[in-house]
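> So that you have it, the file is target-v7.tsv, and it contains TSV, C-alpha atoms:
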chain	number	residue	atom	x	y	z
A	1	MET	CA	-15.10	-15.92	17.50
A	2	SER	CA	-15.84	-15.14	13.86
A	3	ALA	CA	-15.91	-11.73	12.15
A	4	LEU	CA	-16.18	-10.64	8.51
A	5	ASP	CA	-13.06	-9.30	6.82
A	6	ASP	CA	-13.14	-6.62	4.09
A	7	THR	CA	-14.13	-9.22	1.49
A	8	ARG	CA	-17.09	-10.33	3.65
A	9	VAL	CA	-15.48	-13.70	4.39
A	10	PRO	CA	-15.96	-14.94	7.97
A	11	VAL	CA	-12.65	-15.35	9.76
A	12	SER	CA	-12.41	-17.24	13.05
A	13	VAL	CA	-9.81	-15.89	15.44
A	14	PRO	CA	-9.40	-16.61	19.16
A	15	ASP	CA	-10.48	-14.10	21.79
A	16	ARG	CA	-6.80	-13.60	22.60
A	17	VAL	CA	-4.46	-13.35	19.62
A	18	GLY	CA	-0.80	-14.00	20.33
A	19	ARG	CA	0.73	-14.70	16.90
A	20	VAL	CA	0.15	-12.76	13.67
A	21	VAL	CA	1.86	-13.34	10.32
A	22	SER	CA	1.67	-10.49	7.81
A	23	ILE	CA	2.11	-10.99	4.08
A	24	VAL	CA	1.93	-7.26	3.20
A	25	PRO	CA	4.64	-4.71	4.10
A	26	SER	CA	2.13	-2.01	5.09
A	27	LEU	CA	0.29	-4.38	7.40
A	28	THR	CA	3.54	-5.66	8.86
A	29	GLU	CA	4.45	-2.13	9.91
A	30	THR	CA	0.91	-1.60	11.20
A	31	VAL	CA	1.05	-4.63	13.49
A	32	ALA	CA	4.68	-4.19	14.53
A	33	VAL	CA	4.22	-0.56	15.57
A	34	THR	CA	0.89	-1.19	17.30
A	35	ALA	CA	1.67	-4.44	19.12
A	36	PRO	CA	5.28	-5.55	18.49
A	37	GLY	CA	4.96	-8.80	20.42
A	38	LEU	CA	2.23	-10.11	18.11
A	39	LEU	CA	4.21	-10.30	14.89
A	40	ALA	CA	5.39	-13.87	14.31
A	41	GLY	CA	6.39	-13.64	10.64
A	42	ALA	CA	6.58	-11.33	7.64
A	43	THR	CA	7.57	-11.30	3.97
A	44	ASP	CA	11.08	-10.75	2.66
A	45	TRP	CA	9.87	-7.33	1.43
A	46	CYS	CA	8.76	-6.08	4.84
A	47	THR	CA	11.32	-3.36	5.62
A	48	HIS	CA	9.54	-1.32	8.29
A	49	PRO	CA	9.89	-0.73	11.12
A	50	GLY	CA	13.68	-0.74	10.86
A	51	GLY	CA	15.48	-3.63	12.52
A	52	LEU	CA	12.47	-5.93	12.23
A	53	ASP	CA	13.61	-9.36	13.44
A	54	VAL	CA	10.99	-12.00	12.65
A	55	PRO	CA	10.97	-15.16	10.51
A	56	ARG	CA	10.54	-14.46	6.80
A	57	VAL	CA	7.99	-16.24	4.62
A	58	ARG	CA	9.07	-15.26	1.07
A	59	GLY	CA	7.09	-12.63	-0.86
A	60	THR	CA	3.63	-11.17	-1.19
A	61	LYS	CA	3.02	-13.07	-4.44
A	62	ASN	CA	4.58	-16.37	-3.38
A	63	PRO	CA	4.24	-16.83	0.39
A	64	ASP	CA	5.68	-20.02	1.82
A	65	VAL	CA	2.49	-21.71	3.04
A	66	ALA	CA	4.36	-24.51	4.80
A	67	LYS	CA	6.62	-22.06	6.64
A	68	ILE	CA	3.63	-19.96	7.67
A	69	ALA	CA	1.89	-23.07	9.02
A	70	GLU	CA	5.01	-23.92	11.04
A	71	LEU	CA	4.81	-20.50	12.69
A	72	ARG	CA	1.35	-21.40	14.09
A	73	PRO	CA	-0.27	-18.01	13.57
A	74	ASP	CA	-3.61	-17.21	15.14
A	75	VAL	CA	-4.28	-15.16	12.01
A	76	VAL	CA	-2.57	-14.12	8.79
A	77	VAL	CA	-3.26	-10.59	7.51
A	78	GLY	CA	-3.22	-9.83	3.79
A	79	ASN	CA	-4.57	-7.52	1.11
A	80	THR	CA	-6.59	-8.16	-2.04
A	81	GLU	CA	-4.26	-6.12	-4.25
A	82	GLU	CA	-1.00	-7.43	-2.83
A	83	ASN	CA	-1.80	-11.12	-2.44
A	84	ARG	CA	-3.04	-13.68	-4.97
A	85	PRO	CA	-6.38	-15.44	-4.35
A	86	GLU	CA	-4.79	-18.85	-4.88
A	87	ASP	CA	-2.27	-18.23	-2.09
A	88	VAL	CA	-5.00	-17.04	0.26
A	89	GLU	CA	-7.03	-20.17	-0.51
A	90	ALA	CA	-3.98	-22.39	0.06
A	91	LEU	CA	-3.49	-20.84	3.49
A	92	ARG	CA	-7.14	-21.29	4.38
A	93	ALA	CA	-7.06	-24.87	3.09
A	94	ALA	CA	-4.20	-25.48	5.53
A	95	GLY	CA	-6.50	-24.43	8.35
A	96	ILE	CA	-4.97	-20.98	8.82
A	97	PRO	CA	-7.35	-18.04	9.43
A	98	VAL	CA	-6.65	-15.28	6.88
A	99	TRP	CA	-7.98	-11.74	7.30
A	100	MET	CA	-8.03	-9.88	3.99
A	101	THR	CA	-8.06	-6.11	3.71
A	102	GLU	CA	-9.32	-4.24	0.66
A	103	ILE	CA	-8.15	-0.63	0.44
A	104	ARG	CA	-8.60	1.81	-2.44
A	105	THR	CA	-9.05	5.13	-0.62
A	106	VAL	CA	-7.66	6.88	2.42
A	107	ASP	CA	-11.02	6.55	4.19
A	108	GLU	CA	-11.08	2.83	3.45
A	109	ALA	CA	-7.54	2.52	4.81
A	110	LEU	CA	-8.44	4.19	8.09
A	111	ALA	CA	-11.57	2.06	8.54
A	112	SER	CA	-9.96	-1.18	7.37
A	113	LEU	CA	-6.93	-0.88	9.63
A	114	ARG	CA	-9.15	-0.08	12.59
A	115	ARG	CA	-11.17	-3.25	12.00
A	116	MET	CA	-8.14	-5.41	11.32
A	117	LEU	CA	-6.43	-4.34	14.53
A	118	THR	CA	-9.46	-4.60	16.78
A	119	GLU	CA	-11.25	-7.61	15.27
A	120	ALA	CA	-8.45	-9.72	13.75
A	121	CYS	CA	-5.57	-8.84	16.07
A	122	ARG	CA	-7.61	-8.12	19.21
A	123	VAL	CA	-5.75	-4.95	20.15
A	124	PRO	CA	-7.07	-1.48	21.03
A	125	VAL	CA	-7.14	1.29	18.43
A	126	PRO	CA	-3.65	2.85	18.47
A	127	SER	CA	-3.12	6.58	18.94
A	128	TRP	CA	-1.30	6.84	15.60
A	129	LEU	CA	-4.43	5.70	13.75
A	130	ASP	CA	-6.56	8.37	15.41
A	131	GLU	CA	-3.86	10.92	14.58
A	132	ALA	CA	-3.82	9.80	10.94
A	133	ALA	CA	-7.58	10.32	10.74
A	134	ARG	CA	-7.20	13.83	12.15
A	135	VAL	CA	-4.35	14.70	9.81
A	136	TRP	CA	-6.16	13.59	6.67
A	137	ALA	CA	-9.40	15.29	7.72
A	138	ASP	CA	-7.47	18.58	7.78
A	139	VAL	CA	-5.86	18.17	4.33
A	140	ARG	CA	-6.89	20.82	1.83
A	141	PRO	CA	-5.70	20.43	-1.79
A	142	GLY	CA	-3.63	23.19	-3.28
A	143	ARG	CA	-3.58	24.19	-6.92
A	144	ILE	CA	-4.97	21.32	-9.00
A	145	ARG	CA	-2.35	19.86	-11.33
A	146	ALA	CA	-2.98	17.23	-14.03
A	147	ALA	CA	-0.43	14.45	-13.75
A	148	VAL	CA	0.70	11.07	-14.94
A	149	VAL	CA	1.84	8.65	-12.24
A	150	PRO	CA	4.16	5.95	-13.60
A	151	ILE	CA	4.89	2.98	-11.35
A	152	TRP	CA	7.02	0.99	-13.81
A	153	ARG	CA	9.01	1.33	-17.01
A	154	ARG	CA	9.94	-1.25	-19.65
A	155	PRO	CA	7.01	-1.32	-20.20
A	156	TRP	CA	5.61	1.93	-18.88
A	157	MET	CA	2.75	1.38	-16.44
A	158	VAL	CA	0.79	4.08	-14.65
A	159	VAL	CA	-1.78	4.46	-11.92
A	160	GLY	CA	-5.29	4.17	-13.36
A	161	ARG	CA	-8.72	3.99	-11.77
A	162	ASP	CA	-9.81	3.21	-8.20
A	163	THR	CA	-6.47	3.10	-6.42
A	164	PHE	CA	-5.31	4.14	-2.98
A	165	THR	CA	-2.43	6.01	-4.63
A	166	GLY	CA	-4.82	7.97	-6.83
A	167	ASP	CA	-6.96	8.95	-3.86
A	168	VAL	CA	-3.93	10.10	-1.87
A	169	LEU	CA	-2.82	12.32	-4.74
A	170	ALA	CA	-6.31	13.68	-5.42
A	171	ARG	CA	-6.53	14.83	-1.80
A	172	LEU	CA	-3.26	16.70	-2.31
A	173	GLY	CA	-4.41	18.49	-5.47
A	174	VAL	CA	-2.97	16.10	-8.07
A	175	SER	CA	-5.47	15.07	-10.75
A	176	ASN	CA	-4.51	11.74	-12.31
A	177	VAL	CA	-4.93	11.94	-16.09
A	178	TYR	CA	-5.65	8.20	-16.23
A	179	ALA	CA	-8.11	8.07	-13.32
A	180	GLY	CA	-10.87	7.15	-15.76
A	181	HIS	CA	-8.98	4.40	-17.56
A	182	PRO	CA	-10.72	1.00	-17.56
A	183	ASP	CA	-7.62	-0.63	-16.02
A	184	ARG	CA	-6.30	0.07	-12.56
A	185	TYR	CA	-2.66	-0.07	-13.72
A	186	PRO	CA	-2.66	0.34	-17.50
A	187	LYS	CA	0.35	-0.01	-19.78
A	188	ILE	CA	0.68	3.26	-21.71
A	189	PRO	CA	3.42	3.96	-24.31
A	190	LEU	CA	5.73	6.80	-23.34
A	191	ASP	CA	4.76	8.95	-26.31
A	192	GLU	CA	1.13	8.76	-25.20
A	193	LEU	CA	2.08	9.75	-21.65
A	194	ASN	CA	3.86	12.81	-22.97
A	195	ALA	CA	0.91	13.69	-25.22
A	196	SER	CA	-1.66	13.27	-22.43
A	197	GLY	CA	-1.76	16.95	-21.52
A	198	ALA	CA	-0.28	16.39	-18.07
A	199	GLY	CA	1.84	19.18	-16.65
A	200	LEU	CA	3.35	16.97	-13.97
A	201	ALA	CA	4.85	13.50	-13.72
A	202	VAL	CA	4.86	11.95	-10.25
A	203	LEU	CA	7.63	9.35	-9.99
A	204	PRO	CA	7.74	7.22	-6.81
A	205	ASP	CA	10.75	5.17	-5.73
A	206	GLU	CA	8.71	1.95	-5.54
A	207	PRO	CA	7.71	-0.44	-6.96
A	208	TYR	CA	10.06	0.82	-9.69
A	209	ARG	CA	12.86	2.86	-8.17
A	210	PHE	CA	12.69	6.12	-10.11
A	211	THR	CA	15.55	8.51	-9.30
A	212	ALA	CA	16.84	11.85	-10.56
A	213	ASP	CA	18.97	9.88	-13.04
A	214	ASP	CA	16.36	7.33	-14.06
A	215	GLY	CA	12.94	8.57	-15.13
A	216	PRO	CA	12.76	12.39	-15.32
A	217	GLU	CA	14.59	12.46	-18.66
A	218	SER	CA	11.59	10.68	-20.19
A	219	PHE	CA	9.31	13.67	-19.54
A	220	PRO	CA	10.95	16.66	-21.20
A	221	GLY	CA	9.28	20.01	-20.75
A	222	ILE	CA	7.05	19.14	-17.80
A	223	ASP	CA	7.62	19.22	-14.06
A	224	VAL	CA	8.68	16.00	-12.37
A	225	ALA	CA	8.12	15.22	-8.69
A	226	LEU	CA	10.26	12.46	-7.19
A	227	VAL	CA	8.28	11.10	-4.26
A	228	SER	CA	8.49	8.45	-1.58
A	229	GLY	CA	6.68	5.31	-2.65
A	230	ARG	CA	6.17	4.35	0.98
A	231	TYR	CA	4.22	7.51	1.76
A	232	LEU	CA	2.36	7.32	-1.55
A	233	THR	CA	1.34	3.66	-1.54
A	234	TRP	CA	1.56	2.36	2.04
A	235	TYR	CA	-1.34	2.41	4.50
A	236	GLY	CA	-0.32	2.22	8.13
A	237	PRO	CA	1.66	4.44	10.51
A	238	SER	CA	3.11	6.24	7.47
A	239	LEU	CA	-0.35	7.79	6.97
A	240	VAL	CA	0.40	10.26	9.77
A	241	ASP	CA	3.28	11.96	7.95
A	242	ALA	CA	2.26	11.24	4.36
A	243	PRO	CA	0.39	14.51	3.64
A	244	ALA	CA	3.28	16.71	4.77
A	245	VAL	CA	6.00	14.61	3.13
A	246	LEU	CA	4.22	14.24	-0.20
A	247	SER	CA	3.08	17.87	-0.31
A	248	GLY	CA	6.69	18.94	0.11
A	249	GLN	CA	7.95	16.57	-2.56
A	250	ILE	CA	5.22	17.56	-5.03
A	251	GLY	CA	5.83	21.21	-4.27
A	252	ALA	CA	9.50	20.72	-5.16
A	253	ALA	CA	8.66	19.39	-8.64
A	254	ARG	CA	10.81	20.80	-11.44
A	255	THR	CA	11.84	20.16	-14.99
A	256	TYR	CA	14.97	18.09	-15.54
Would you kindly transcribe this structure into structure tokens?

Amino acid sequence: MSALDDTRVPVSVPDRVGRVVSIVPSLTETVAVTAPGLLAGATDWCTHPGGLDVPRVRGTKNPDVAKIAELRPDVVVGNTEENRPEDVEALRAAGIPVWMTEIRTVDEALASLRRMLTEACRVPVPSWLDEAARVWADVRPGRIRAAVVPIWRRPWMVVGRDTFTGDVLARLGVSNVYAGHPDRYPKIPLDELNASGAGLAVLPDEPYRFTADDGPESFPGIDVALVSGRYLTWYGPSLVDAPAVLSGQIGAARTY
């Protein structure tokens, strides 16, 4: 049976899916929590759920196509931001069905995961996904705060336009200063970040691992919120707790 993935590409998967390989950490957790027996492989970066014991297929940017083929998946699940088009094409050229997700908002995440699970993985909608939809529908932003959201340093890179991370923060009352930038993840010199007018710097612990000793010192005179990168950037079961966790971490922002 064939269905269209988020990129409108037809993907043929059997009526009964028994083996899924995920090449995105968020999707690995999604499949493993929803239907643990389906997951047949994951990347080296897939850390959740804890104790995950499946064959590893290298990284999101360099998946081992031969190893994935050996695992005989009924479908591989990926994401347009996490995975390179050339790797997706190599998998498809090897005869492997690949279901691509495209997620830039919370609403898109909820809809995309629902379709991936039901149409690509052939499993019922899990209760955690319904709960995530309820939780996010009830979120009301607090006091609006203008912020910069670095994701890397050396060079400094920040969240720009049309990102899942930006939408998550906007729903929590954080207005991204660079939401209108032409690039989705622009490189901005530190002096420009500090002159941007932001009163808050949101520093996640991934992809760059910002900590109390590495990052806050670069933003003198403004509040800094150290937040969980998993709750800020992952879409999956973490969506259920993300509003409460991130609201608490943002609320605890302080100057260093």
> I need the residue nearest A:Thr7 from this list: A:Val57, A:Leu172, A:Ile103, A:Val21. Use all atoms listed in the file for the distance.
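Closest residue, counting all atoms listed in the file: A:Ile103.
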> In the coordinate frame of the file, compute which residues have an atom within 6 Å of (-0.3, 4.3, -12.1) when using all atoms listed in the file, and state them as a list in words.
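Taken together, the residues in range are Val149, Pro150, Ile151, Val158, Val159, Gly160 and Tyr185 of chain A.
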> Interatomic distance between atom CA of A:Ala32 and atom CA of A:Ala93?
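These atoms are spaced 26.4 Å apart.
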> Which residues come within 8 Å of A:Ala198, counting all atoms listed in the file, excluding same-chain residues fewer than 6 positions away, as a PyMOL selection string?
chain A and resi 145-148+177+222
> In Å to one decimal, how far is atom CA of A:Ala109 from atom CA of A:Asp5?
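It comes out at 13.2 Å.
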> Between A:Ala179, A:Val13, A:Leu226, A:Leu129, which is the closest to A:Ile96 once you count all atoms listed in the file?
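Distance minimum relative to A:Ile96 lands on A:Val13.
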> Quote the spacing between atom CA of A:Gly199 and atom CA of A:Ala170 in Å to one decimal place.
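Calculated distance between atom CA of A:Gly199 and atom CA of A:Ala170 is 14.9 Å.
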> Report as CSV: every residue of stretch 142-217 of chain A with an atom at most 9 Å from stretch 231-246 of chain A, its closest pair of atoms, and their distance in Å to one decimal, counting all atoms listed in the file, with rows sorted by chain and ascending residue number.

residue,atom,partner,partner_atom,distance
A:Phe164,CA,A:Thr233,CA,6.8
A:Thr165,CA,A:Thr233,CA,5.4
A:Gly166,CA,A:Leu232,CA,8.9
A:Val168,CA,A:Leu232,CA,6.9
A:Leu169,CA,A:Leu232,CA,7.9
A:Arg171,CA,A:Pro243,CA,8.8
A:Leu172,CA,A:Pro243,CA,7.3
A:Pro204,CA,A:Leu232,CA,7.5
A:Glu206,CA,A:Thr233,CA,8.6
> Closest to A:Pro186 among A:Ser218, A:Ala252, A:Trp152, A:Pro207, using all atoms listed in the file?
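Comparing A:Ser218, A:Ala252, A:Trp152, A:Pro207 against A:Pro186, the winner is A:Trp152.
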